[in-house]
Amino acid sequence: MAICSITIRRSVLLLFLLINSLCFAQDLYVRDSVKSTNLIDSLLIDHDLRNWSVRLFGNIRAQGFKLSNDEATLTYIPNNLFGVGVGIATSKLILDITFTIRDKSTENTDRFDLRGGFVFNQNIIDFYFQIYDGFNVKNSINSTTVFREDIKSIAGGIDYLYLFNAGEYSQRVLRSGLKNQKRNIFSFGLGGFVLYNQISGDSSIIPIEFDPYFNEQARIKNITNYGIGVLGGLVGLFKLPSNFYIGISAKAGIGLTVKNAETETLSYNPGNPMLYKLKGSILFGYKWSRFYTNISLRASTNMSNIDFGNNGSFTQISGKLALGYRIKGNKKSL
């Protein structure tokens with residue numbers, strides 16, 4: 001009986017300790033969840049509606065790529081470059097979605113473009129995701145063009161830059177037109193990038209009439225590219241008279257890639273891992289009390305060797321005209 005009583009007491013004690021441990025663990029889990037939620041909230045969400053704006057824009061955008069060797073170059077570009085879009089902008093987050101304007105009289109590239117970025121303290125992060133179906137193929141041999149609806153490109157990436165001496169940098173001016181710029185700023189930044197590209201076709205992406213100019217390894221049916229690297233750049237934001245402003249940036253990066261290429265008859269991994277990245281942009285804007293407008297030009301290219309005398313590059317070029325409206329105004333200037 002005594003042994004039974006001791007066993008019961010021990011069982012109750014163990015049960016109490018187990019329940020207490022579970023409650024403590026649950027409390028830690030709740031605290032960690034709250035901390036994570038608060039961190040995401042502080043980084044991405046601006047609760048001040050004075051810093052929110054919506055915007056409409058029209059753009060010209062081309063996401064293309066090149067395949068070249070010493071004898072010839074093939075250039076792949078979409079055939080409908082115009083689009084319209086909607087977006088939101090805050091002091092921390094920019095998000096734009098583009099819709100293509102289709103030309104019913106010709107074959108069209110099906111496109112999806114998502115681009116955005118967010119800013120916290122001296123950190124700038126840009127991201128993009130794009131899917132393009134159908135490309136015009138131009139060549140350097142006879143300058144003819146053929147449309148290949150089976151060729152598809154998927155691209156995505158993230159660029160990160162830390163600005164050393166810009167403080168808040170008034171990125172909301174450059175990106176969303178939400179605040180008056182009080183002084184000119186010029187800053188150097190350092191960071192990194194990651195990217196993913198895939199190009200594929202139902203058959204070789206080289207039109208059959210140009211096969212004699214390329215070797216078997218260039219007659220690619222599918223190629224994927226994963227890249228990571230370091231990025232450095234200069235950014236500037238300059239105040240002009242009468243609420244005009246201009247922003248510029250120039251960035252360069254170097255990194256490593258892992259590539260896999262497939263042709264009709266073989267599969268191989270290009271051995272040269274080097275990746276080179278160039279990126280530049282310029283923006284000219286004007287701000288009213290609640291409205292703002294800006295026009296921007298942006299270009300970037302990633303270059304990589306795919307072995308056997310073949311080179312590849314992936315390029316993005318865009319121009320945008322945006323008109324934005326701040327959701328909530330101020331009784332006094334920001």
# chains A, B, ... in the order shown; residues from 1 in each chain; ligands from 1

call {"tool": "residues_around", "arguments": {"residues": "Gly156 in chain A", "least_positions_apart": "5", "cutoff": "6 Å", "atoms": "only C-alpha atoms", "output": "mmCIF file with N, CA, C and O atoms, in the first residue's frame"}}
result
data_model
loop_
_atom_site.group_PDB
_atom_site.id
_atom_site.type_symbol
_atom_site.label_atom_id
_atom_site.label_comp_id
_atom_site.auth_asym_id
_atom_site.auth_seq_id
_atom_site.Cartn_x
_atom_site.Cartn_y
_atom_site.Cartn_z
ATOM 1 N N TYR A 128 12.165 40.717 -58.178
ATOM 2 C CA TYR A 128 11.371 40.615 -59.393
ATOM 3 C C TYR A 128 11.064 39.145 -59.683
ATOM 4 O O TYR A 128 11.796 38.243 -59.264
ATOM 5 N N PHE A 129 9.956 38.926 -60.406
ATOM 6 C CA PHE A 129 9.595 37.599 -60.880
ATOM 7 C C PHE A 129 8.862 37.775 -62.205
ATOM 8 O O PHE A 129 7.911 38.553 -62.295
ATOM 9 N N LEU A 195 19.792 34.942 -57.985
ATOM 10 C CA LEU A 195 18.941 34.947 -59.172
ATOM 11 C C LEU A 195 18.692 33.530 -59.665
ATOM 12 O O LEU A 195 19.420 32.587 -59.335
ATOM 13 N N TYR A 196 17.643 33.418 -60.452
ATOM 14 C CA TYR A 196 17.289 32.155 -61.093
ATOM 15 C C TYR A 196 16.774 32.465 -62.487
ATOM 16 O O TYR A 196 15.937 33.364 -62.659
#

call {"tool": "closest_residue", "arguments": {"among": "A:Gly192, A:Val119, A:Ser289, A:Ser204", "to": "Arg148 in chain A", "atoms": "only C-alpha atoms"}}
result
A:Ser204

call {"tool": "residues_around", "arguments": {"residues": "range 132-146 of chain A", "least_positions_apart": "4", "cutoff": "8 Å", "atoms": "only C-alpha atoms", "output": "PyMOL selection string"}}
result
chain A and resi 63+72-79+108-112+150-154

call {"tool": "write_last_selection", "arguments": {"atoms": "N, CA and C atoms", "output": "mmCIF file, in the first residue's frame"}}
result
data_model
loop_
_atom_site.group_PDB
_atom_site.id
_atom_site.type_symbol
_atom_site.label_atom_id
_atom_site.label_comp_id
_atom_site.auth_asym_id
_atom_site.auth_seq_id
_atom_site.Cartn_x
_atom_site.Cartn_y
_atom_site.Cartn_z
ATOM 1 N N GLN A 63 12.200 41.798 -71.571
ATOM 2 C CA GLN A 63 13.046 40.823 -70.924
ATOM 3 C C GLN A 63 13.543 39.889 -72.012
ATOM 4 N N ALA A 72 28.124 33.937 -84.891
ATOM 5 C CA ALA A 72 26.761 34.461 -84.996
ATOM 6 C C ALA A 72 26.208 34.800 -83.618
ATOM 7 N N THR A 73 25.157 35.624 -83.643
ATOM 8 C CA THR A 73 24.437 36.001 -82.429
ATOM 9 C C THR A 73 22.945 35.892 -82.676
ATOM 10 N N LEU A 74 22.235 35.241 -81.766
ATOM 11 C CA LEU A 74 20.779 35.178 -81.795
ATOM 12 C C LEU A 74 20.254 35.991 -80.615
ATOM 13 N N THR A 75 19.284 36.863 -80.891
ATOM 14 C CA THR A 75 18.687 37.722 -79.867
ATOM 15 C C THR A 75 17.214 37.381 -79.732
ATOM 16 N N TYR A 76 16.771 37.143 -78.505
ATOM 17 C CA TYR A 76 15.399 36.738 -78.225
ATOM 18 C C TYR A 76 14.715 37.859 -77.443
ATOM 19 N N ILE A 77 13.682 38.448 -78.039
ATOM 20 C CA ILE A 77 12.977 39.550 -77.389
ATOM 21 C C ILE A 77 11.467 39.343 -77.534
ATOM 22 N N PRO A 78 10.666 39.812 -76.581
ATOM 23 C CA PRO A 78 9.211 39.731 -76.733
ATOM 24 C C PRO A 78 8.742 40.672 -77.832
ATOM 25 N N ASN A 79 7.571 40.378 -78.412
ATOM 26 C CA ASN A 79 7.128 41.205 -79.530
ATOM 27 C C ASN A 79 6.085 42.244 -79.137
ATOM 28 N N ASN A 108 1.497 37.232 -80.060
ATOM 29 C CA ASN A 108 1.879 37.986 -78.883
ATOM 30 C C ASN A 108 2.657 37.134 -77.892
ATOM 31 N N THR A 109 3.558 37.807 -77.183
ATOM 32 C CA THR A 109 4.226 37.190 -76.047
ATOM 33 C C THR A 109 3.302 37.273 -74.840
ATOM 34 N N ASP A 110 3.053 36.138 -74.190
ATOM 35 C CA ASP A 110 2.298 36.138 -72.940
ATOM 36 C C ASP A 110 3.265 36.459 -71.807
ATOM 37 N N ARG A 111 2.928 37.472 -71.006
ATOM 38 C CA ARG A 111 3.869 37.970 -70.010
ATOM 39 C C ARG A 111 3.207 38.116 -68.651
ATOM 40 N N PHE A 112 4.007 37.847 -67.625
ATOM 41 C CA PHE A 112 3.635 38.197 -66.256
ATOM 42 C C PHE A 112 4.846 38.860 -65.623
ATOM 43 N N ASP A 150 6.879 28.646 -78.654
ATOM 44 C CA ASP A 150 7.178 27.578 -77.708
ATOM 45 C C ASP A 150 8.293 27.939 -76.736
ATOM 46 N N ILE A 151 9.037 29.004 -76.999
ATOM 47 C CA ILE A 151 10.154 29.369 -76.124
ATOM 48 C C ILE A 151 9.628 30.113 -74.900
ATOM 49 N N LYS A 152 10.045 29.656 -73.725
ATOM 50 C CA LYS A 152 9.557 30.211 -72.459
ATOM 51 C C LYS A 152 10.734 30.614 -71.585
ATOM 52 N N SER A 153 10.578 31.736 -70.905
ATOM 53 C CA SER A 153 11.599 32.222 -69.981
ATOM 54 C C SER A 153 10.972 32.488 -68.615
ATOM 55 N N ILE A 154 11.597 31.955 -67.581
ATOM 56 C CA ILE A 154 11.198 32.228 -66.196
ATOM 57 C C ILE A 154 12.401 32.852 -65.493
#

call {"tool": "residues_around", "arguments": {"residues": "range 307-324 of chain A", "least_positions_apart": "6", "cutoff": "8 Å", "atoms": "only C-alpha atoms", "output": "PDB file with N, CA and C atoms, in the first residue's frame"}}
result
ATOM      1  N   SER A  53       0.455  55.265 -50.747  1.00  0.00           N
ATOM      2  CA  SER A  53      -0.065  55.811 -51.990  1.00  0.00           C
ATOM      3  C   SER A  53      -0.414  54.670 -52.940  1.00  0.00           C
ATOM      4  N   VAL A  54      -1.328  54.955 -53.850  1.00  0.00           N
ATOM      5  CA  VAL A  54      -1.642  54.030 -54.937  1.00  0.00           C
ATOM      6  C   VAL A  54      -1.214  54.705 -56.233  1.00  0.00           C
ATOM      7  N   ARG A  55      -0.914  53.895 -57.255  1.00  0.00           N
ATOM      8  CA  ARG A  55      -0.450  54.515 -58.484  1.00  0.00           C
ATOM      9  C   ARG A  55      -0.819  53.667 -59.700  1.00  0.00           C
ATOM     10  N   LEU A  56      -0.956  54.384 -60.798  1.00  0.00           N
ATOM     11  CA  LEU A  56      -1.158  53.778 -62.104  1.00  0.00           C
ATOM     12  C   LEU A  56       0.058  54.099 -62.958  1.00  0.00           C
ATOM     13  N   PHE A  57       0.397  53.195 -63.866  1.00  0.00           N
ATOM     14  CA  PHE A  57       1.556  53.474 -64.704  1.00  0.00           C
ATOM     15  C   PHE A  57       1.433  52.754 -66.043  1.00  0.00           C
ATOM     16  N   GLY A  58       2.122  53.327 -67.016  1.00  0.00           N
ATOM     17  CA  GLY A  58       2.318  52.683 -68.300  1.00  0.00           C
ATOM     18  C   GLY A  58       3.802  52.419 -68.475  1.00  0.00           C
ATOM     19  N   ASN A  59       4.134  51.329 -69.144  1.00  0.00           N
ATOM     20  CA  ASN A  59       5.551  51.036 -69.268  1.00  0.00           C
ATOM     21  C   ASN A  59       5.881  50.353 -70.583  1.00  0.00           C
ATOM     22  N   ILE A  60       7.139  50.402 -70.903  1.00  0.00           N
ATOM     23  CA  ILE A  60       7.734  49.625 -71.989  1.00  0.00           C
ATOM     24  C   ILE A  60       8.766  48.725 -71.333  1.00  0.00           C
ATOM     25  N   ARG A  61       8.599  47.415 -71.512  1.00  0.00           N
ATOM     26  CA  ARG A  61       9.496  46.498 -70.825  1.00  0.00           C
ATOM     27  C   ARG A  61       9.877  45.355 -71.748  1.00  0.00           C
ATOM     28  N   ALA A  62      11.147  45.030 -71.758  1.00  0.00           N
ATOM     29  CA  ALA A  62      11.641  43.915 -72.560  1.00  0.00           C
ATOM     30  C   ALA A  62      12.551  43.056 -71.697  1.00  0.00           C
ATOM     31  N   GLN A  63      12.200  41.798 -71.571  1.00  0.00           N
ATOM     32  CA  GLN A  63      13.046  40.823 -70.924  1.00  0.00           C
ATOM     33  C   GLN A  63      13.543  39.889 -72.012  1.00  0.00           C
ATOM     34  N   GLY A  64      14.801  39.929 -72.319  1.00  0.00           N
ATOM     35  CA  GLY A  64      15.322  39.139 -73.427  1.00  0.00           C
ATOM     36  C   GLY A  64      16.643  38.494 -73.096  1.00  0.00           C
ATOM     37  N   PHE A  65      17.160  37.711 -74.028  1.00  0.00           N
ATOM     38  CA  PHE A  65      18.433  37.048 -73.820  1.00  0.00           C
ATOM     39  C   PHE A  65      19.130  36.849 -75.159  1.00  0.00           C
ATOM     40  N   LYS A  66      20.422  36.587 -75.079  1.00  0.00           N
ATOM     41  CA  LYS A  66      21.237  36.387 -76.275  1.00  0.00           C
ATOM     42  C   LYS A  66      22.014  35.088 -76.156  1.00  0.00           C
ATOM     43  N   LEU A  67      22.210  34.457 -77.305  1.00  0.00           N
ATOM     44  CA  LEU A  67      23.082  33.294 -77.429  1.00  0.00           C
ATOM     45  C   LEU A  67      24.071  33.603 -78.546  1.00  0.00           C
ATOM     46  N   SER A  68      25.365  33.504 -78.259  1.00  0.00           N
ATOM     47  CA  SER A  68      26.345  33.938 -79.257  1.00  0.00           C
ATOM     48  C   SER A  68      27.602  33.080 -79.227  1.00  0.00           C
ATOM     49  N   ASN A  69      28.300  33.111 -80.361  1.00  0.00           N
ATOM     50  CA  ASN A  69      29.649  32.562 -80.457  1.00  0.00           C
ATOM     51  C   ASN A  69      30.442  33.475 -81.380  1.00  0.00           C
ATOM     52  N   ASP A  70      31.581  33.024 -81.872  1.00  0.00           N
ATOM     53  CA  ASP A  70      32.413  33.877 -82.717  1.00  0.00           C
ATOM     54  C   ASP A  70      31.821  34.092 -84.110  1.00  0.00           C
ATOM     55  N   SER A 176       8.396  56.499 -54.142  1.00  0.00           N
ATOM     56  CA  SER A 176       6.954  56.679 -54.032  1.00  0.00           C
ATOM     57  C   SER A 176       6.500  58.126 -53.993  1.00  0.00           C
ATOM     58  N   GLY A 177       7.416  59.087 -54.045  1.00  0.00           N
ATOM     59  CA  GLY A 177       7.026  60.489 -54.099  1.00  0.00           C
ATOM     60  C   GLY A 177       6.268  60.972 -52.889  1.00  0.00           C
ATOM     61  N   GLN A 217      26.381  21.695 -78.588  1.00  0.00           N
ATOM     62  CA  GLN A 217      26.165  22.155 -77.208  1.00  0.00           C
ATOM     63  C   GLN A 217      25.358  23.444 -77.138  1.00  0.00           C
ATOM     64  N   ALA A 218      25.296  24.199 -78.227  1.00  0.00           N
ATOM     65  CA  ALA A 218      24.525  25.445 -78.244  1.00  0.00           C
ATOM     66  C   ALA A 218      23.066  25.224 -78.629  1.00  0.00           C
ATOM     67  N   PRO A 270      27.804  23.353 -67.723  1.00  0.00           N
ATOM     68  CA  PRO A 270      28.903  24.251 -68.078  1.00  0.00           C
ATOM     69  C   PRO A 270      29.838  24.447 -66.889  1.00  0.00           C
ATOM     70  N   GLY A 271      31.132  24.335 -67.160  1.00  0.00           N
ATOM     71  CA  GLY A 271      32.103  24.338 -66.078  1.00  0.00           C
ATOM     72  C   GLY A 271      32.517  25.720 -65.597  1.00  0.00           C
ATOM     73  N   ASN A 272      32.378  26.740 -66.431  1.00  0.00           N
ATOM     74  CA  ASN A 272      32.789  28.085 -66.025  1.00  0.00           C
ATOM     75  C   ASN A 272      31.723  28.673 -65.101  1.00  0.00           C
ATOM     76  N   PHE A 291      -0.510  64.385 -55.016  1.00  0.00           N
ATOM     77  CA  PHE A 291      -0.161  63.617 -56.205  1.00  0.00           C
ATOM     78  C   PHE A 291       1.350  63.673 -56.447  1.00  0.00           C
ATOM     79  N   TYR A 292       1.848  62.688 -57.185  1.00  0.00           N
ATOM     80  CA  TYR A 292       3.225  62.732 -57.662  1.00  0.00           C
ATOM     81  C   TYR A 292       3.286  62.005 -59.002  1.00  0.00           C
ATOM     82  N   THR A 293       4.283  62.332 -59.781  1.00  0.00           N
ATOM     83  CA  THR A 293       4.502  61.649 -61.048  1.00  0.00           C
ATOM     84  C   THR A 293       6.001  61.478 -61.256  1.00  0.00           C
ATOM     85  N   ASN A 294       6.368  60.414 -61.934  1.00  0.00           N
ATOM     86  CA  ASN A 294       7.777  60.235 -62.275  1.00  0.00           C
ATOM     87  C   ASN A 294       7.911  59.387 -63.525  1.00  0.00           C
ATOM     88  N   ILE A 295       9.020  59.550 -64.174  1.00  0.00           N
ATOM     89  CA  ILE A 295       9.380  58.749 -65.333  1.00  0.00           C
ATOM     90  C   ILE A 295      10.749  58.139 -65.056  1.00  0.00           C
ATOM     91  N   SER A 296      10.889  56.863 -65.357  1.00  0.00           N
ATOM     92  CA  SER A 296      12.128  56.182 -65.012  1.00  0.00           C
ATOM     93  C   SER A 296      12.579  55.267 -66.140  1.00  0.00           C
ATOM     94  N   LEU A 297      13.870  55.068 -66.212  1.00  0.00           N
ATOM     95  CA  LEU A 297      14.489  54.134 -67.145  1.00  0.00           C
ATOM     96  C   LEU A 297      15.396  53.210 -66.354  1.00  0.00           C
ATOM     97  N   ARG A 298      15.336  51.923 -66.672  1.00  0.00           N
ATOM     98  CA  ARG A 298      16.111  50.938 -65.912  1.00  0.00           C
ATOM     99  C   ARG A 298      16.652  49.876 -66.868  1.00  0.00           C
ATOM    100  N   ALA A 299      17.875  49.438 -66.642  1.00  0.00           N
ATOM    101  CA  ALA A 299      18.464  48.382 -67.467  1.00  0.00           C
ATOM    102  C   ALA A 299      19.370  47.518 -66.603  1.00  0.00           C
ATOM    103  N   SER A 300      19.363  46.218 -66.870  1.00  0.00           N
ATOM    104  CA  SER A 300      20.255  45.305 -66.169  1.00  0.00           C
ATOM    105  C   SER A 300      20.589  44.140 -67.085  1.00  0.00           C
ATOM    106  N   THR A 301      21.774  43.567 -66.892  1.00  0.00           N
ATOM    107  CA  THR A 301      22.178  42.419 -67.685  1.00  0.00           C
ATOM    108  C   THR A 301      23.022  41.477 -66.830  1.00  0.00           C
TER     109      THR A 301
END

call {"tool": "residues_around", "arguments": {"residues": "Leu163 in chain A", "least_positions_apart": "6", "cutoff": "8 Å", "atoms": "only C-alpha atoms", "output": "VMD selection string"}}
result
chain A and resid 122 to 124 187 to 190

call {"tool": "write_last_selection", "arguments": {"atoms": "all heavy atoms", "output": "PDB file, in the first residue's frame"}}
result
ATOM      1  N   GLN A 122      18.933  51.777 -43.584  1.00  0.00           N
ATOM      2  CA  GLN A 122      19.839  51.994 -44.716  1.00  0.00           C
ATOM      3  C   GLN A 122      19.884  50.795 -45.665  1.00  0.00           C
ATOM      4  O   GLN A 122      20.777  50.689 -46.497  1.00  0.00           O
ATOM      5  CB  GLN A 122      21.245  52.306 -44.194  1.00  0.00           C
ATOM      6  CG  GLN A 122      21.334  53.627 -43.451  1.00  0.00           C
ATOM      7  CD  GLN A 122      22.649  53.786 -42.730  1.00  0.00           C
ATOM      8  OE1 GLN A 122      22.740  53.697 -41.522  1.00  0.00           O
ATOM      9  NE2 GLN A 122      23.710  54.030 -43.490  1.00  0.00           N
ATOM     10  N   ASN A 123      18.924  49.917 -45.553  1.00  0.00           N
ATOM     11  CA  ASN A 123      18.888  48.692 -46.342  1.00  0.00           C
ATOM     12  C   ASN A 123      17.858  48.810 -47.459  1.00  0.00           C
ATOM     13  O   ASN A 123      16.718  49.220 -47.230  1.00  0.00           O
ATOM     14  CB  ASN A 123      18.533  47.502 -45.448  1.00  0.00           C
ATOM     15  CG  ASN A 123      19.487  47.356 -44.277  1.00  0.00           C
ATOM     16  OD1 ASN A 123      20.554  46.792 -44.401  1.00  0.00           O
ATOM     17  ND2 ASN A 123      19.088  47.899 -43.124  1.00  0.00           N
ATOM     18  N   ILE A 124      18.267  48.446 -48.674  1.00  0.00           N
ATOM     19  CA  ILE A 124      17.391  48.472 -49.840  1.00  0.00           C
ATOM     20  C   ILE A 124      17.342  47.082 -50.452  1.00  0.00           C
ATOM     21  O   ILE A 124      18.385  46.484 -50.745  1.00  0.00           O
ATOM     22  CB  ILE A 124      17.892  49.470 -50.903  1.00  0.00           C
ATOM     23  CG1 ILE A 124      18.032  50.866 -50.305  1.00  0.00           C
ATOM     24  CG2 ILE A 124      16.939  49.508 -52.090  1.00  0.00           C
ATOM     25  CD1 ILE A 124      18.654  51.859 -51.278  1.00  0.00           C
ATOM     26  N   SER A 187      25.589  58.289 -52.138  1.00  0.00           N
ATOM     27  CA  SER A 187      26.050  57.263 -51.218  1.00  0.00           C
ATOM     28  C   SER A 187      26.562  56.033 -51.954  1.00  0.00           C
ATOM     29  O   SER A 187      26.071  55.684 -53.030  1.00  0.00           O
ATOM     30  CB  SER A 187      24.916  56.851 -50.275  1.00  0.00           C
ATOM     31  OG  SER A 187      25.336  55.816 -49.405  1.00  0.00           O
ATOM     32  N   PHE A 188      27.535  55.383 -51.322  1.00  0.00           N
ATOM     33  CA  PHE A 188      28.038  54.104 -51.800  1.00  0.00           C
ATOM     34  C   PHE A 188      27.368  52.982 -51.027  1.00  0.00           C
ATOM     35  O   PHE A 188      27.093  53.111 -49.833  1.00  0.00           O
ATOM     36  CB  PHE A 188      29.556  54.029 -51.617  1.00  0.00           C
ATOM     37  CG  PHE A 188      30.131  52.673 -51.925  1.00  0.00           C
ATOM     38  CD1 PHE A 188      30.242  52.224 -53.227  1.00  0.00           C
ATOM     39  CD2 PHE A 188      30.551  51.851 -50.887  1.00  0.00           C
ATOM     40  CE1 PHE A 188      30.765  50.968 -53.505  1.00  0.00           C
ATOM     41  CE2 PHE A 188      31.083  50.598 -51.152  1.00  0.00           C
ATOM     42  CZ  PHE A 188      31.185  50.159 -52.468  1.00  0.00           C
ATOM     43  N   GLY A 189      27.090  51.886 -51.708  1.00  0.00           N
ATOM     44  CA  GLY A 189      26.447  50.753 -51.061  1.00  0.00           C
ATOM     45  C   GLY A 189      27.122  49.443 -51.409  1.00  0.00           C
ATOM     46  O   GLY A 189      27.800  49.316 -52.436  1.00  0.00           O
ATOM     47  N   LEU A 190      26.947  48.458 -50.548  1.00  0.00           N
ATOM     48  CA  LEU A 190      27.520  47.136 -50.766  1.00  0.00           C
ATOM     49  C   LEU A 190      26.518  46.088 -50.299  1.00  0.00           C
ATOM     50  O   LEU A 190      25.846  46.258 -49.275  1.00  0.00           O
ATOM     51  CB  LEU A 190      28.824  46.991 -49.982  1.00  0.00           C
ATOM     52  CG  LEU A 190      29.635  45.708 -50.230  1.00  0.00           C
ATOM     53  CD1 LEU A 190      30.108  45.651 -51.678  1.00  0.00           C
ATOM     54  CD2 LEU A 190      30.816  45.637 -49.265  1.00  0.00           C
TER      55      LEU A 190
END

call {"tool": "select_by_dssp", "arguments": {"residues": "range 89-276 of chain A", "states": "helix (DSSP H, G or I)", "output": "ChimeraX atom specification"}}
result
/A:171-176,208-213,216-218

call {"tool": "select_by_dssp", "arguments": {"residues": "range 101-295 of chain A", "states": "strand (DSSP E or B)", "output": "VMD selection string"}}
result
chain A and resid 110 to 120 123 to 139 145 to 163 185 to 200 220 to 239 244 to 263 267 to 268 274 to 287 291 to 295

call {"tool": "atom_distance", "arguments": {"atom1": "CA of Lys251 in chain A", "atom2": "CA of Asn197 in chain A"}}
result
19.8 Å

call {"tool": "atom_distance", "arguments": {"atom1": "CA of Ala89 in chain A", "atom2": "CA of Ile185 in chain A"}}
result
21.4 Å

call {"tool": "closest_residue", "arguments": {"among": "A:Leu81, A:Leu114, A:Ile246, A:Ile223", "to": "Leu95 in chain A", "atoms": "only C-alpha atoms"}}
result
A:Leu114

call {"tool": "closest_residue", "arguments": {"among": "A:Phe147, A:Phe186, A:Phe120, A:Trp288", "to": "Ala250 in chain A", "atoms": "only C-alpha atoms"}}
result
A:Phe186

call {"tool": "atom_distance", "arguments": {"atom1": "CA of Asp202 in chain A", "atom2": "CA of Asn269 in chain A"}}
result
20.1 Å

call {"tool": "closest_residue", "arguments": {"among": "A:Met303, A:Leu256, A:Val194, A:Ala261", "to": "Asn222 in chain A", "atoms": "only C-alpha atoms"}}
result
A:Ala261

call {"tool": "decode", "arguments": {"residues": "range 255-267 of chain A", "atoms": "N, CA, C and O atoms", "output": "CSV table (one decimal), in the first residue's frame"}}
result
chain,number,residue,atom,x,y,z
A,255,GLY,N,29.7,37.1,-59.4
A,255,GLY,CA,29.2,35.9,-58.6
A,255,GLY,C,29.5,34.6,-59.2
A,255,GLY,O,30.3,34.5,-60.2
A,256,LEU,N,28.9,33.6,-58.7
A,256,LEU,CA,29.1,32.2,-59.2
A,256,LEU,C,27.7,31.6,-59.5
A,256,LEU,O,26.7,32.0,-59.0
A,257,THR,N,27.7,30.8,-60.5
A,257,THR,CA,26.5,30.1,-61.0
A,257,THR,C,26.7,28.6,-61.1
A,257,THR,O,27.8,28.1,-61.2
A,258,VAL,N,25.5,28.0,-61.0
A,258,VAL,CA,25.4,26.5,-61.3
A,258,VAL,C,24.4,26.4,-62.4
A,258,VAL,O,23.3,26.8,-62.3
A,259,LYS,N,24.9,25.9,-63.5
A,259,LYS,CA,24.1,25.8,-64.7
A,259,LYS,C,23.9,24.3,-65.2
A,259,LYS,O,24.8,23.5,-65.0
A,260,ASN,N,22.8,24.1,-65.8
A,260,ASN,CA,22.5,22.8,-66.4
A,260,ASN,C,21.9,23.0,-67.8
A,260,ASN,O,20.9,23.8,-67.9
A,261,ALA,N,22.5,22.4,-68.8
A,261,ALA,CA,22.0,22.6,-70.2
A,261,ALA,C,21.6,21.3,-70.8
A,261,ALA,O,22.3,20.3,-70.6
A,262,GLU,N,20.5,21.2,-71.5
A,262,GLU,CA,20.0,20.0,-72.2
A,262,GLU,C,19.8,20.4,-73.7
A,262,GLU,O,19.1,21.4,-74.0
A,263,THR,N,20.2,19.5,-74.5
A,263,THR,CA,19.9,19.6,-76.0
A,263,THR,C,19.1,18.4,-76.3
A,263,THR,O,18.7,17.6,-75.5
A,264,GLU,N,18.9,18.2,-77.6
A,264,GLU,CA,18.1,17.1,-78.1
A,264,GLU,C,18.8,15.7,-77.8
A,264,GLU,O,18.2,14.7,-77.6
A,265,THR,N,20.1,15.8,-77.7
A,265,THR,CA,20.9,14.5,-77.6
A,265,THR,C,21.8,14.4,-76.4
A,265,THR,O,22.3,13.3,-76.2
A,266,LEU,N,22.0,15.5,-75.7
A,266,LEU,CA,22.9,15.4,-74.5
A,266,LEU,C,22.5,16.4,-73.4
A,266,LEU,O,21.7,17.3,-73.6
A,267,SER,N,23.1,16.1,-72.3
A,267,SER,CA,22.9,17.0,-71.1
A,267,SER,C,24.3,17.3,-70.5
A,267,SER,O,25.1,16.4,-70.4
